[in-house]
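Here's run09.cif, which has mmCIF, C-alpha atoms:
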data_work
loop_
_atom_site.label_atom_id
_atom_site.label_comp_id
_atom_site.auth_asym_id
_atom_site.auth_seq_id
_atom_site.Cartn_x
_atom_site.Cartn_y
_atom_site.Cartn_z
CA MET A 294 0.00 0.00 0.00
CA LYS A 295 2.84 2.29 0.88
CA ARG A 296 4.40 1.80 -2.57
CA ILE A 297 1.12 2.61 -4.29
CA LEU A 298 0.75 5.87 -2.37
CA THR A 299 4.31 6.86 -3.22
CA TYR A 300 3.74 6.14 -6.89
CA CYS A 301 0.51 8.14 -6.93
CA THR A 302 2.26 11.06 -5.22
CA VAL A 303 4.90 11.06 -7.97
CA CYS A 304 2.11 11.01 -10.58
CA VAL A 305 0.42 14.03 -9.00
CA VAL A 306 3.70 15.99 -8.85
CA PHE A 307 4.42 15.15 -12.48
CA VAL A 308 0.94 16.20 -13.60
CA LEU A 309 1.14 19.47 -11.65
CA SER A 310 4.62 20.20 -13.06
CA PHE A 311 3.48 19.44 -16.60
CA THR A 312 0.40 21.63 -16.16
CA ALA A 313 2.47 24.52 -14.79
CA HIS A 314 4.97 24.18 -17.65
CA SER A 315 2.16 24.14 -20.22
CA ALA A 316 0.56 27.22 -18.67
CA THR A 317 3.91 29.07 -18.71
CA ALA A 318 4.50 28.11 -22.34
CA GLU A 319 1.01 29.27 -23.25
CA LEU A 320 1.52 32.62 -21.51
CA ALA A 321 4.87 33.04 -23.28
CA ALA A 322 3.24 32.28 -26.60
CA ARG A 323 0.61 34.94 -25.88
CA ALA A 324 3.14 37.56 -24.73
CA ASP A 325 3.29 40.85 -26.56
CA ARG A 326 6.03 41.15 -29.17
CA ILE A 327 8.80 43.55 -28.19
CA ARG A 328 10.33 45.87 -30.82
CA THR A 329 13.28 48.23 -30.40
CA VAL A 330 14.57 51.08 -32.57
CA PHE A 331 17.18 53.81 -32.16
CA ILE A 332 16.15 57.45 -32.32
CA SER A 333 17.59 60.89 -31.61
CA ALA A 334 15.95 64.25 -31.02
CA VAL A 335 16.88 67.88 -31.64
CA ASP A 336 15.19 71.15 -30.73
CA GLY A 337 14.50 74.14 -32.95
CA LYS A 338 18.07 75.39 -32.48
CA GLY A 339 19.56 72.09 -33.56
CA GLU A 340 20.59 71.19 -30.01
CA TYR A 341 20.21 67.59 -28.90
CA VAL A 342 17.35 66.85 -26.53
CA THR A 343 18.64 64.57 -23.79
CA ASP A 344 15.69 64.42 -21.38
CA LEU A 345 12.98 62.70 -23.41
CA THR A 346 10.90 60.13 -21.57
CA ALA A 347 8.68 57.31 -22.78
CA ALA A 348 5.66 59.52 -22.06
CA ASP A 349 6.96 62.11 -24.54
CA VAL A 350 7.03 59.72 -27.50
CA THR A 351 4.29 58.29 -29.69
CA VAL A 352 4.84 55.25 -31.92
CA LYS A 353 2.72 54.05 -34.82
CA GLU A 354 3.51 50.83 -36.64
CA GLY A 355 1.40 50.12 -39.69
CA GLY A 356 -0.57 53.29 -38.92
CA LYS A 357 -1.71 52.04 -35.50
CA ASP A 358 -0.67 53.32 -32.09
CA ARG A 359 1.68 51.03 -30.21
CA ALA A 360 2.48 51.01 -26.51
CA VAL A 361 5.84 52.59 -25.68
CA THR A 362 7.32 50.66 -22.76
CA ASN A 363 10.75 52.21 -22.37
CA LEU A 364 13.01 55.01 -23.61
CA GLN A 365 16.56 55.32 -22.37
CA ALA A 366 19.94 56.57 -23.52
CA ALA A 367 21.63 54.17 -25.93
CA THR A 368 24.96 53.17 -24.39
CA GLY A 369 25.89 50.07 -26.38
CA THR A 370 28.84 49.96 -28.77
CA VAL A 371 28.09 51.08 -32.34
CA GLN A 372 29.10 48.73 -35.16
CA LEU A 373 30.18 51.36 -37.69
CA CYS A 374 30.81 50.35 -41.30
CA ILE A 375 32.40 53.06 -43.47
CA LEU A 376 32.32 52.74 -47.27
CA VAL A 377 34.67 55.13 -49.10
CA ASP A 378 33.97 55.79 -52.80
CA ASP A 379 36.44 58.54 -53.72
CA GLY A 380 37.45 57.62 -57.28
CA GLY A 381 41.10 57.54 -56.19
CA SER A 382 41.10 61.17 -55.04
CA GLY A 383 41.82 60.56 -51.34
CA SER A 384 39.39 63.38 -50.56
CA PHE A 385 37.58 61.59 -47.72
CA GLN A 386 40.58 60.60 -45.59
CA ALA A 387 40.23 63.56 -43.22
CA GLY A 388 36.50 62.99 -42.86
CA VAL A 389 36.97 59.33 -41.93
CA LEU A 390 39.63 60.28 -39.39
CA ALA A 391 37.26 62.85 -37.91
CA ILE A 392 34.53 60.34 -37.11
CA LEU A 393 37.03 57.78 -35.81
CA ASN A 394 38.23 60.36 -33.31
CA ARG A 395 34.74 61.52 -32.36
CA MET A 396 33.48 57.99 -31.73
CA ILE A 397 36.47 56.71 -29.71
CA GLY A 398 35.21 54.46 -26.95
CA HIS A 399 31.74 54.25 -28.48
CA ALA A 400 32.25 52.27 -31.70
CA GLU A 401 34.11 49.50 -33.45
CA TYR A 402 35.02 50.27 -37.04
CA ALA A 403 34.98 48.50 -40.37
CA ILE A 404 36.46 50.50 -43.26
CA SER A 405 36.13 49.54 -46.93
CA LEU A 406 37.55 51.31 -49.99
CA LEU A 407 35.90 50.98 -53.41
CA ASN A 408 38.53 50.32 -56.05
CA PRO A 409 35.97 50.03 -57.73
CA GLN A 410 35.03 46.79 -55.94
CA PRO A 411 34.91 47.11 -52.15
CA VAL A 412 38.14 46.12 -50.38
CA ARG A 413 37.92 45.74 -46.61
CA LEU A 414 40.77 47.58 -44.86
CA ALA A 415 39.62 47.08 -41.26
CA GLU A 416 37.04 44.70 -39.86
CA TYR A 417 35.19 45.97 -36.78
CA VAL A 418 38.24 46.84 -34.74
CA THR A 419 39.26 49.53 -32.28
CA ASP A 420 43.03 49.13 -32.12
CA PRO A 421 45.01 52.13 -33.43
CA PRO A 422 47.61 50.18 -35.47
CA THR A 423 44.94 48.51 -37.62
CA LEU A 424 42.98 51.72 -38.04
CA ASN A 425 46.14 53.71 -38.88
CA ALA A 426 47.04 51.13 -41.51
CA ALA A 427 43.56 51.45 -43.02
CA MET A 428 43.73 55.25 -42.98
CA SER A 429 47.09 55.16 -44.79
CA LYS A 430 45.33 53.60 -47.80
CA LEU A 431 42.70 56.36 -48.11
CA ILE A 432 45.14 58.59 -50.00
CA GLN A 433 45.26 59.96 -53.53
CA ARG A 434 45.89 56.94 -55.77
CA GLY A 435 45.30 58.21 -59.28
CA ARG A 436 41.97 58.23 -61.08
CA ILE A 437 39.86 55.10 -60.66
CA GLN A 438 36.82 54.38 -62.80
CA GLN A 439 33.85 54.43 -60.43
CA ASP A 440 30.92 52.06 -60.67
CA GLY A 441 27.67 53.09 -58.99
CA GLU A 442 26.35 49.53 -59.09
CA GLN A 443 29.39 48.40 -57.12
CA LEU A 444 28.69 51.12 -54.56
CA ILE A 445 25.10 50.14 -53.85
CA GLU A 446 26.05 46.45 -53.90
CA ALA A 447 28.60 47.36 -51.22
CA VAL A 448 25.73 48.76 -49.13
CA SER A 449 23.96 45.41 -49.52
CA TRP A 450 27.16 43.54 -48.64
CA ALA A 451 27.66 45.68 -45.52
CA ALA A 452 24.04 45.25 -44.42
CA LYS A 453 24.13 41.46 -44.85
CA ASP A 454 27.42 41.27 -42.97
CA LEU A 455 26.00 43.27 -40.06
CA ALA A 456 22.91 41.04 -40.01
CA LYS A 457 25.09 37.92 -40.02
CA ARG A 458 27.06 39.30 -37.08
CA LYS A 459 23.77 40.10 -35.29
CA ALA A 460 25.17 43.57 -34.67
CA PRO A 461 23.10 45.16 -31.89
CA ARG A 462 23.66 48.75 -33.04
CA PRO A 463 24.56 48.72 -36.74
CA VAL A 464 25.41 51.85 -38.74
CA ILE A 465 26.62 52.33 -42.33
CA ILE A 466 28.28 55.52 -43.63
CA VAL A 467 28.81 56.05 -47.35
CA LEU A 468 31.14 58.79 -48.60
CA THR A 469 30.88 59.24 -52.35
CA ASN A 470 31.83 61.58 -55.16
CA GLY A 471 30.54 59.10 -57.75
CA GLY A 472 26.96 58.37 -56.71
CA GLU A 473 24.73 55.59 -57.98
CA PRO A 474 22.75 54.87 -61.16
CA MET A 475 19.39 56.56 -61.38
CA ALA A 476 17.82 53.17 -62.05
CA SER A 477 19.09 49.81 -60.87
CA GLU A 478 17.37 46.46 -61.01
CA ALA A 479 18.88 45.61 -57.63
CA ARG A 480 17.66 48.70 -55.79
CA ASP A 481 14.60 47.21 -54.06
CA ALA A 482 16.49 44.09 -53.00
CA ILE A 483 19.30 46.23 -51.57
CA LEU A 484 16.84 48.39 -49.62
CA GLY A 485 15.34 45.14 -48.35
CA ASP A 486 18.76 44.00 -47.13
CA LEU A 487 19.24 47.34 -45.38
CA LYS A 488 15.83 47.11 -43.71
CA ALA A 489 16.40 43.53 -42.57
CA SER A 490 19.75 44.43 -40.99
CA GLY A 491 18.32 47.23 -38.86
CA ALA A 492 21.28 49.43 -39.84
CA SER A 493 20.94 53.16 -40.35
CA LEU A 494 22.40 54.39 -43.65
CA ASN A 495 24.15 57.78 -43.68
CA VAL A 496 25.36 59.27 -46.97
CA ILE A 497 27.80 62.13 -47.52
CA TYR A 498 28.10 63.22 -51.13
CA ILE A 499 29.75 65.85 -53.31
CA ASN A 500 27.84 68.38 -55.46
CA GLY A 501 26.60 67.04 -58.78
CA VAL A 502 26.47 63.40 -57.67
CA GLY A 503 23.48 61.47 -59.02
CA PHE A 504 21.24 59.37 -56.82
CA GLY A 505 18.89 56.50 -57.33
CA LYS A 506 16.67 54.82 -54.79
CA VAL A 507 19.27 53.28 -52.47
CA LEU A 508 21.31 56.36 -51.55
CA GLY A 509 18.38 58.71 -52.12
CA GLU A 510 15.76 56.94 -49.98
CA GLY A 511 17.85 54.63 -47.81
CA PRO A 512 18.86 57.27 -45.22
CA LYS A 513 15.28 58.40 -44.54
CA ASN A 514 13.98 54.82 -44.46
CA SER A 515 16.64 53.68 -42.00
CA GLY A 516 16.89 56.69 -39.68
CA GLY A 517 20.12 58.07 -41.14
CA VAL A 518 20.97 61.35 -42.87
CA LEU A 519 21.82 62.49 -46.40
CA GLU A 520 24.39 65.29 -46.34
CA ASN A 521 25.90 67.37 -49.13
CA ALA A 522 29.54 68.26 -48.53
CA SER A 523 31.75 69.87 -51.16
CA SER A 524 34.74 70.91 -49.08
CA ASN A 525 36.89 69.38 -46.36
CA GLN A 526 35.22 71.61 -43.80
CA ALA A 527 31.76 70.57 -45.00
CA ILE A 528 32.72 66.88 -44.84
CA ASP A 529 33.95 67.36 -41.28
CA THR A 530 30.71 69.14 -40.36
CA ALA A 531 28.64 66.31 -41.86
CA MET A 532 30.66 63.70 -39.97
CA ALA A 533 30.22 65.70 -36.76
CA LYS A 534 26.46 65.65 -37.30
CA ILE A 535 26.41 61.88 -37.79
CA ALA A 536 28.59 61.34 -34.72
CA GLY A 537 26.36 63.68 -32.70
CA ASN A 538 23.26 61.76 -33.72
CA LEU A 539 24.84 58.48 -32.64
CA LEU A 540 26.25 59.80 -29.38
CA HIS A 541 22.85 61.22 -28.39
CA GLN A 542 20.67 58.30 -29.41
CA TYR A 543 17.93 56.73 -27.37
CA VAL A 544 16.88 53.11 -27.55
CA LEU A 545 13.09 53.03 -27.84
CA THR A 546 11.13 49.92 -26.86
CA TYR A 547 7.50 49.34 -27.78
CA THR A 548 5.19 46.36 -27.98
CA LEU A 549 2.75 44.78 -30.40
CA PRO A 550 -0.25 42.84 -29.09
CA ASP A 551 -0.08 39.08 -29.36
CA GLY A 552 -0.98 37.91 -32.85
CA THR A 553 -0.34 41.28 -34.52
CA LYS A 554 1.32 41.00 -37.91
CA LEU A 555 4.57 42.93 -38.25
CA ASP A 556 4.47 45.99 -40.50
CA GLU A 557 7.43 47.78 -42.07
CA ARG A 558 5.91 51.25 -41.70
CA LEU A 559 7.04 53.12 -38.59
CA GLN A 560 6.31 56.61 -37.35
CA VAL A 561 7.88 58.03 -34.19
CA SER A 562 6.81 61.48 -33.01
CA THR A 563 6.68 63.67 -29.94
CA ALA A 564 4.21 66.24 -28.64
CA ARG A 565 7.01 68.34 -27.20
CA LYS A 566 6.94 71.66 -28.99
CA GLY A 567 9.81 72.37 -31.36
CA VAL A 568 11.40 68.92 -31.01
CA ASN A 569 12.14 66.84 -34.10
CA ILE A 570 12.72 63.10 -34.00
CA LEU A 571 15.19 61.27 -36.24
CA ALA A 572 13.99 57.67 -36.52
CA PRO A 573 13.63 54.96 -39.15
CA THR A 574 10.45 54.94 -41.21
CA ARG A 575 10.91 51.39 -42.53
CA ILE A 576 11.78 48.46 -40.27
CA ALA A 577 12.02 44.70 -40.60
CA ASP A 578 8.63 43.04 -41.06
CA LYS A 579 9.74 39.41 -40.87
#

In structure tokens, write the structure found in this file.
Amino acid sequence: MKRILTYCTVCVVFVLSFTAHSATAELAARADRIRTVFISAVDGKGEYVTDLTAADVTVKEGGKDRAVTNLQAATGTVQLCILVDDGGSGSFQAGVLAILNRMIGHAEYAISLLNPQPVRLAEYVTDPPTLNAAMSKLIQRGRIQQDGEQLIEAVSWAAKDLAKRKAPRPVIIVLTNGGEPMASEARDAILGDLKASGASLNVIYINGVGFGKVLGEGPKNSGGVLENASSNQAIDTAMAKIAGNLLHQYVLTYTLPDGTKLDERLQVSTARKGVNILAPTRIADK
């Protein structure tokens, strides 16, 4: 009799444990989906706003209000991929050095030079010897025939690489005096790669450069900037703006109700007067 009671007790414990586990799994399955994006904010004078709270921000995904659960300063390391398309002129070396110096302690750097195919000079590093060696190659090298298709394919390559690395805070910067084709069959696929990676695309270009969809729309879609810069001083100013945006970012967390289909369309706004939000408008929907 004693054995039977012991056996039954084990059965009851097993059933209760199984039931509890099933209930926990069911609750987890029903849990709201958490989404995160990086944003920054400036006031009417162009000064960064550093005291935003979750209550100040409104999020719409797919045109519907979503619950903002957290907003805090972004402190994680930036994975910064720099693509240099200078046609052999060496004109962007000072600009690249400027952002390396401004982001010291906040980023790891990958630097690629288009020749015209992209050649990786540094691969997500922070050590000065490797970065100095990469910088030494961004010099005047004689005229190189530029290829806009190679440039936008390099954006795709960088985005896929960041996605493969599961980079938590991915950023791409393109510096170009060659631009991209006005029409490319690969443009939508490349924008899709950018969206899937979660990286922001920032483009600095010289006067007269032509744009298609990738460099023209990619920055707005991804929460980056598109900056014209036709002098060394202007390039430095553009790099300072990009660095400022990154150094003053927030990480915004919001939720979707259980069962809600993901939507690529995102709108982040604030009711605070005179404050503008820089945020992606297209995000991963898979």

*Between atom CA of Val418 of chain A and atom CA of Thr469 of chain A, measure the distance and give it in Å to one decimal.*
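Atom-to-atom, atom CA of Val418 of chain A and atom CA of Thr469 of chain A are spaced 22.8 Å apart.
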
*If you apply the PyMOL selection byres ((chain A and resi 495) around 10) to this file, what residues do you get, as a PyMOL selection string?*
chain A and resi 375+464-468+492-494+496-497+508+511-513+515-520+531-532+535

_Hits of the PyMOL selection byres ((chain A and resi 544-555) around 6) in this structure, as a PyMOL selection string_ = chain A and resi 323-331+360-365+367+543+556+578

Draw an axis-aligned box over all listed atoms of segment 334-342 of chain A, pad each side with 6 Å, and write its centre and edge lengths in Å, one decimal, as AutoDock Vina command-line options.
--center_x 17.5 --center_y 69.8 --center_z -30.0 --size_x 18.1 --size_y 23.1 --size_z 19.0

*atom CA of Gln439 of chain A to atom CA of Phe504 of chain A: how many Å, to one decimal?*
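Going from atom CA of Gln439 of chain A over to atom CA of Phe504 of chain A covers 14.0 Å.
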
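Contact shell of segment 338-353 of chain A at 7 Å (only C-alpha atoms; same-chain neighbours under 2 positions omitted): Ala334, Val335, Asp336, Gly355, Gly356, Lys357, Asp358, Arg359, Val361, Thr362, Asn363, Leu364, His541, Leu559, Gln560, Val561, Ser562, Thr563, Ala564 and Arg565 of chain A.
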
Atoms to include: C-alpha atoms. Write the selected residues as an mmCIF file, in the coordinates of the input.
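What follows is the written file result_37.cif:
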data_model
loop_
_atom_site.group_PDB
_atom_site.id
_atom_site.type_symbol
_atom_site.label_atom_id
_atom_site.label_comp_id
_atom_site.auth_asym_id
_atom_site.auth_seq_id
_atom_site.Cartn_x
_atom_site.Cartn_y
_atom_site.Cartn_z
ATOM 1 C CA ALA A 334 15.950 64.250 -31.020
ATOM 2 C CA VAL A 335 16.880 67.880 -31.640
ATOM 3 C CA ASP A 336 15.190 71.150 -30.730
ATOM 4 C CA GLY A 355 1.400 50.120 -39.690
ATOM 5 C CA GLY A 356 -0.570 53.290 -38.920
ATOM 6 C CA LYS A 357 -1.710 52.040 -35.500
ATOM 7 C CA ASP A 358 -0.670 53.320 -32.090
ATOM 8 C CA ARG A 359 1.680 51.030 -30.210
ATOM 9 C CA VAL A 361 5.840 52.590 -25.680
ATOM 10 C CA THR A 362 7.320 50.660 -22.760
ATOM 11 C CA ASN A 363 10.750 52.210 -22.370
ATOM 12 C CA LEU A 364 13.010 55.010 -23.610
ATOM 13 C CA HIS A 541 22.850 61.220 -28.390
ATOM 14 C CA LEU A 559 7.040 53.120 -38.590
ATOM 15 C CA GLN A 560 6.310 56.610 -37.350
ATOM 16 C CA VAL A 561 7.880 58.030 -34.190
ATOM 17 C CA SER A 562 6.810 61.480 -33.010
ATOM 18 C CA THR A 563 6.680 63.670 -29.940
ATOM 19 C CA ALA A 564 4.210 66.240 -28.640
ATOM 20 C CA ARG A 565 7.010 68.340 -27.200
#

_So the first atom is atom CA of Glu510 of chain A and the second is atom CA of Ala451 of chain A; what is the distance between them in Å, to one decimal place?_
17.0 Å

As a PDB file with C-alpha atoms, in the coordinates of the input, please: the residues near Asp379 of chain A (cut-off 8 Å, all atoms listed in the file, same-chain neighbours under 5 positions excluded).
ATOM      1  CA  SER A 384      39.390  63.380 -50.560  1.00  0.00           C
ATOM      2  CA  PHE A 385      37.580  61.590 -47.720  1.00  0.00           C
ATOM      3  CA  LEU A 407      35.900  50.980 -53.410  1.00  0.00           C
ATOM      4  CA  LEU A 468      31.140  58.790 -48.600  1.00  0.00           C
ATOM      5  CA  THR A 469      30.880  59.240 -52.350  1.00  0.00           C
ATOM      6  CA  ASN A 470      31.830  61.580 -55.160  1.00  0.00           C
ATOM      7  CA  GLY A 471      30.540  59.100 -57.750  1.00  0.00           C
TER       8      GLY A 471
END

*So which one's closest to Pro463 of chain A, A:Leu373, A:Ile570, A:Leu431, A:Ala577? Using only C-alpha atoms, please.*
A:Leu373

*From the list A:Gly388, A:Ala366, A:Asn538, A:Asp481, which residue is nearest Ser523 of chain A when using all atoms listed in the file?*
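Ranking A:Gly388, A:Ala366, A:Asn538, A:Asp481 by distance to Ser523 of chain A, first place goes to A:Gly388.
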
*Which is closer to Val448 of chain A than all the others in A:Ser405, A:Ser429, A:Ser382, A:Thr423, using all atoms listed in the file?*
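Going through A:Ser405, A:Ser429, A:Ser382, A:Thr423 one by one, the smallest distance to Val448 of chain A is for A:Ser405.
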
Result set of the PyMOL selection byres ((chain A and resi 395) around 12) on the coordinates above, as a short mmCIF file (atom, residue, chain, number, x, y, z; two decimals) with C-alpha atoms, in the coordinates of the input:
data_model
loop_
_atom_site.label_atom_id
_atom_site.label_comp_id
_atom_site.auth_asym_id
_atom_site.auth_seq_id
_atom_site.Cartn_x
_atom_site.Cartn_y
_atom_site.Cartn_z
CA GLY A 388 36.50 62.99 -42.86
CA VAL A 389 36.97 59.33 -41.93
CA LEU A 390 39.63 60.28 -39.39
CA ALA A 391 37.26 62.85 -37.91
CA ILE A 392 34.53 60.34 -37.11
CA LEU A 393 37.03 57.78 -35.81
CA ASN A 394 38.23 60.36 -33.31
CA MET A 396 33.48 57.99 -31.73
CA ILE A 397 36.47 56.71 -29.71
CA GLY A 398 35.21 54.46 -26.95
CA HIS A 399 31.74 54.25 -28.48
CA ALA A 400 32.25 52.27 -31.70
CA ASP A 529 33.95 67.36 -41.28
CA THR A 530 30.71 69.14 -40.36
CA MET A 532 30.66 63.70 -39.97
CA ALA A 533 30.22 65.70 -36.76
CA LYS A 534 26.46 65.65 -37.30
CA ILE A 535 26.41 61.88 -37.79
CA ALA A 536 28.59 61.34 -34.72
CA GLY A 537 26.36 63.68 -32.70
CA ASN A 538 23.26 61.76 -33.72
CA LEU A 539 24.84 58.48 -32.64
CA LEU A 540 26.25 59.80 -29.38
#

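Among the candidates A:Ala527, A:Ala479, A:Leu484, A:Ala460, the residue lying nearest to Thr370 of chain A is A:Ala460 (atoms considered: all atoms listed in the file).
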
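Using all atoms listed in the file, the smallest distance between any of A:Glu473, A:Glu416, A:Glu478, A:Asp486 and Gly503 of chain A comes from A:Glu473.
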
*Out of A:Gln526, A:Gln410, A:Asn425, A:Asn569, which residue has the shortest atom-to-atom distance to Glu446 of chain A when counting all atoms listed in the file?*
A:Gln410

Can you patch up segment 449-461 of chain A, filling it in to N, CA and C atoms, and show the result as a PDB file, keeping the file's coordinate frame?
ATOM      1  N   SER A 449      24.603  46.704 -49.767  1.00  0.00           N
ATOM      2  CA  SER A 449      23.960  45.410 -49.520  1.00  0.00           C
ATOM      3  C   SER A 449      24.902  44.468 -48.771  1.00  0.00           C
ATOM      4  N   TRP A 450      26.130  44.390 -49.244  1.00  0.00           N
ATOM      5  CA  TRP A 450      27.160  43.540 -48.640  1.00  0.00           C
ATOM      6  C   TRP A 450      27.359  43.903 -47.173  1.00  0.00           C
ATOM      7  N   ALA A 451      27.460  45.214 -46.889  1.00  0.00           N
ATOM      8  CA  ALA A 451      27.660  45.680 -45.520  1.00  0.00           C
ATOM      9  C   ALA A 451      26.459  45.329 -44.642  1.00  0.00           C
ATOM     10  N   ALA A 452      25.257  45.531 -45.187  1.00  0.00           N
ATOM     11  CA  ALA A 452      24.040  45.250 -44.420  1.00  0.00           C
ATOM     12  C   ALA A 452      23.923  43.752 -44.095  1.00  0.00           C
ATOM     13  N   LYS A 453      24.198  42.909 -45.082  1.00  0.00           N
ATOM     14  CA  LYS A 453      24.130  41.460 -44.850  1.00  0.00           C
ATOM     15  C   LYS A 453      25.173  41.016 -43.832  1.00  0.00           C
ATOM     16  N   ASP A 454      26.353  41.613 -43.906  1.00  0.00           N
ATOM     17  CA  ASP A 454      27.420  41.270 -42.970  1.00  0.00           C
ATOM     18  C   ASP A 454      27.028  41.651 -41.541  1.00  0.00           C
ATOM     19  N   LEU A 455      26.443  42.832 -41.377  1.00  0.00           N
ATOM     20  CA  LEU A 455      26.000  43.270 -40.060  1.00  0.00           C
ATOM     21  C   LEU A 455      24.889  42.356 -39.524  1.00  0.00           C
ATOM     22  N   ALA A 456      23.979  41.948 -40.416  1.00  0.00           N
ATOM     23  CA  ALA A 456      22.910  41.040 -40.010  1.00  0.00           C
ATOM     24  C   ALA A 456      23.479  39.688 -39.583  1.00  0.00           C
ATOM     25  N   LYS A 457      24.458  39.206 -40.341  1.00  0.00           N
ATOM     26  CA  LYS A 457      25.090  37.920 -40.020  1.00  0.00           C
ATOM     27  C   LYS A 457      25.780  37.984 -38.664  1.00  0.00           C
ATOM     28  N   ARG A 458      26.382  39.112 -38.363  1.00  0.00           N
ATOM     29  CA  ARG A 458      27.060  39.300 -37.080  1.00  0.00           C
ATOM     30  C   ARG A 458      26.082  39.539 -35.935  1.00  0.00           C
ATOM     31  N   LYS A 459      24.802  39.750 -36.278  1.00  0.00           N
ATOM     32  CA  LYS A 459      23.770  40.100 -35.290  1.00  0.00           C
ATOM     33  C   LYS A 459      24.200  41.343 -34.518  1.00  0.00           C
ATOM     34  N   ALA A 460      24.694  42.321 -35.271  1.00  0.00           N
ATOM     35  CA  ALA A 460      25.170  43.570 -34.670  1.00  0.00           C
ATOM     36  C   ALA A 460      24.024  44.253 -33.927  1.00  0.00           C
ATOM     37  N   PRO A 461      24.193  44.559 -32.648  1.00  0.00           N
ATOM     38  CA  PRO A 461      23.100  45.160 -31.890  1.00  0.00           C
ATOM     39  C   PRO A 461      22.831  46.626 -32.199  1.00  0.00           C
TER      40      PRO A 461
END
